[in-house]
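Encoded as structure tokens, the structure appears first; notes follow it.
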Amino acid sequence: MKQRQETTIPDIVVSRLPIYLRELTFMAQEGIAVTSSQELARRLRSGSAQIRKDLSYFGGFGKQGTGYQVEFLCQKLREILHLTRVWEIALVGAGDLGRALIHYGEFIEHGFRISLVFDNNPQKIGQRLGELTIMSTEVMKDEVRRQGIKIGILAVPASAAQKVAEELVEAGVGAILNYAPVTLSLPAGVRVQYVDPVIHLQRMTFYLK
């Protein structure tokens, strides 16, 4: 079975693939060689039919009665998610959050590396942040374009996020992880993921007495 065109695959399906990959990676580390959709669903507290349907968009990875080879399925999911390379990232914002992201070791372990960091505070420009030197946002577009970076992370105030995002897109960035508490308006085709802890906390308080 051939993989369908990316444009025909629902985004909700793509959003579940990294979750499957994470759990399968844990299973491989535990020494589990073969699994089933039922076992994966049990570990994820999900539905086995949903897992089978999601994977069917990309081909046949298991055989009825024998299940999935864990290492093989991990590799195939990495290929589908384009994780067989290291993705360079431009980080904008060298405040407390930006500093925490620079020192977050999980990025490089999963194929991502922050290679540029920018800020508009003159007192921070030129300082070292980890192994990187903080650069001015005035040179951001040129540096991002020069290094061919496709992913940006926004760790800036909400008031600055839209302008910074637009400049990143102009420089060739096609995917943005946005920590600013604001919804961005960007051209179609630019992928944006929002990380707002307050929103998640507010969602949970609905269920608290």
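Identifiers in the structure tokens: chain A, B, ... in order shown; residue index from 1 per chain; ligand index from 1 in order shown.
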* Enumerate, as a PyMOL selection string, the complete set of residues in range 33-93 of chain A that a backbone-based DSSP assignment places in strand (DSSP E). => chain A and resi 34-35+62-63+67-69+87-92
Now that the selection is made, can you save its residues with C-alpha atoms as a short mmCIF file (atom, residue, chain, number, x, y, z; two decimals), in the first residue's frame?
data_model
loop_
_atom_site.label_atom_id
_atom_site.label_comp_id
_atom_site.auth_asym_id
_atom_site.auth_seq_id
_atom_site.Cartn_x
_atom_site.Cartn_y
_atom_site.Cartn_z
CA VAL A 34 6.92 -7.08 18.66
CA THR A 35 3.70 -5.34 19.65
CA GLY A 62 2.06 -5.20 10.45
CA LYS A 63 0.54 -8.56 9.68
CA GLY A 67 1.61 -7.58 15.03
CA TYR A 68 4.19 -4.86 14.45
CA GLN A 69 7.96 -5.08 14.59
CA TRP A 87 16.56 20.12 12.00
CA GLU A 88 18.22 23.43 12.81
CA ILE A 89 16.08 25.91 14.75
CA ALA A 90 16.11 29.69 15.20
CA LEU A 91 15.06 30.77 18.70
CA VAL A 92 13.75 34.31 19.16
#
* Asked: Contacts of range 176-184 of chain A at 10 Å or less, counting only C-alpha atoms, minus same-chain residues fewer than 2 places along, as a VMD selection string?
  -> chain A and resid 89 to 91 97 to 98 150 to 163 165 to 166 168 to 169 173 to 174 186 to 187 190 to 199
* To do: Would you list, as a ChimeraX atom specification, the residues of range 31-164 of chain A that end up in helix (DSSP H, G or I) under DSSP run on this structure's backbone?
  => /A:37-44,48-56,70-80,96-102,106-109,137-147,158-164
Could you turn the residues from that selection into a file that holds C-alpha atoms, as a PDB file, in the first residue's frame?
ATOM      1  CA  SER A  37      -2.362  -2.266  18.057  1.00  0.00           C
ATOM      2  CA  GLN A  38      -4.183  -3.556  21.141  1.00  0.00           C
ATOM      3  CA  GLU A  39      -1.066  -3.369  23.319  1.00  0.00           C
ATOM      4  CA  LEU A  40      -0.115   0.053  21.984  1.00  0.00           C
ATOM      5  CA  ALA A  41      -3.663   1.264  22.604  1.00  0.00           C
ATOM      6  CA  ARG A  42      -3.580  -0.086  26.154  1.00  0.00           C
ATOM      7  CA  ARG A  43      -0.375   1.792  26.909  1.00  0.00           C
ATOM      8  CA  LEU A  44      -1.694   4.992  25.368  1.00  0.00           C
ATOM      9  CA  SER A  48      -6.739   0.011  18.713  1.00  0.00           C
ATOM     10  CA  ALA A  49      -8.989   0.644  15.709  1.00  0.00           C
ATOM     11  CA  GLN A  50      -7.909   4.296  15.673  1.00  0.00           C
ATOM     12  CA  ILE A  51      -4.242   3.312  15.705  1.00  0.00           C
ATOM     13  CA  ARG A  52      -4.708   0.850  12.835  1.00  0.00           C
ATOM     14  CA  LYS A  53      -6.643   3.424  10.833  1.00  0.00           C
ATOM     15  CA  ASP A  54      -4.002   6.102  11.413  1.00  0.00           C
ATOM     16  CA  LEU A  55      -1.168   3.812  10.321  1.00  0.00           C
ATOM     17  CA  SER A  56      -3.112   2.641   7.269  1.00  0.00           C
ATOM     18  CA  VAL A  70       8.732  -2.283  17.064  1.00  0.00           C
ATOM     19  CA  GLU A  71      12.099  -1.148  15.673  1.00  0.00           C
ATOM     20  CA  PHE A  72      10.810  -1.284  12.092  1.00  0.00           C
ATOM     21  CA  LEU A  73       7.721   0.766  12.924  1.00  0.00           C
ATOM     22  CA  CYS A  74       9.851   3.299  14.834  1.00  0.00           C
ATOM     23  CA  GLN A  75      12.058   3.752  11.777  1.00  0.00           C
ATOM     24  CA  LYS A  76       9.088   4.095   9.426  1.00  0.00           C
ATOM     25  CA  LEU A  77       7.459   6.727  11.648  1.00  0.00           C
ATOM     26  CA  ARG A  78      10.722   8.674  11.770  1.00  0.00           C
ATOM     27  CA  GLU A  79      10.824   8.609   7.974  1.00  0.00           C
ATOM     28  CA  ILE A  80       7.201   9.722   7.698  1.00  0.00           C
ATOM     29  CA  ASP A  96      14.016  33.008  31.106  1.00  0.00           C
ATOM     30  CA  LEU A  97      12.030  30.784  28.746  1.00  0.00           C
ATOM     31  CA  GLY A  98      14.563  31.090  25.948  1.00  0.00           C
ATOM     32  CA  ARG A  99      17.375  30.162  28.315  1.00  0.00           C
ATOM     33  CA  ALA A 100      15.446  27.132  29.505  1.00  0.00           C
ATOM     34  CA  LEU A 101      14.854  26.003  25.920  1.00  0.00           C
ATOM     35  CA  ILE A 102      18.545  26.350  25.062  1.00  0.00           C
ATOM     36  CA  GLU A 106      15.609  16.493  24.659  1.00  0.00           C
ATOM     37  CA  PHE A 107      15.767  18.576  21.468  1.00  0.00           C
ATOM     38  CA  ILE A 108      19.023  17.156  20.148  1.00  0.00           C
ATOM     39  CA  GLU A 109      18.101  13.619  21.207  1.00  0.00           C
ATOM     40  CA  THR A 137      16.763  40.643  15.736  1.00  0.00           C
ATOM     41  CA  GLU A 138      17.876  43.268  13.215  1.00  0.00           C
ATOM     42  CA  VAL A 139      20.033  40.632  11.511  1.00  0.00           C
ATOM     43  CA  MET A 140      17.560  37.795  12.063  1.00  0.00           C
ATOM     44  CA  LYS A 141      16.140  37.563   8.559  1.00  0.00           C
ATOM     45  CA  ASP A 142      19.568  37.561   6.916  1.00  0.00           C
ATOM     46  CA  GLU A 143      21.008  34.942   9.288  1.00  0.00           C
ATOM     47  CA  VAL A 144      17.986  32.635   9.096  1.00  0.00           C
ATOM     48  CA  ARG A 145      17.947  32.886   5.305  1.00  0.00           C
ATOM     49  CA  ARG A 146      21.710  32.356   5.062  1.00  0.00           C
ATOM     50  CA  GLN A 147      21.597  29.158   7.110  1.00  0.00           C
ATOM     51  CA  ALA A 158       2.591  38.564  22.822  1.00  0.00           C
ATOM     52  CA  SER A 159       2.963  42.137  21.557  1.00  0.00           C
ATOM     53  CA  ALA A 160       6.049  41.195  19.514  1.00  0.00           C
ATOM     54  CA  ALA A 161       5.062  37.732  18.298  1.00  0.00           C
ATOM     55  CA  GLN A 162       3.191  38.650  15.088  1.00  0.00           C
ATOM     56  CA  LYS A 163       5.968  40.870  13.727  1.00  0.00           C
ATOM     57  CA  VAL A 164       8.694  38.381  14.591  1.00  0.00           C
TER      58      VAL A 164
END
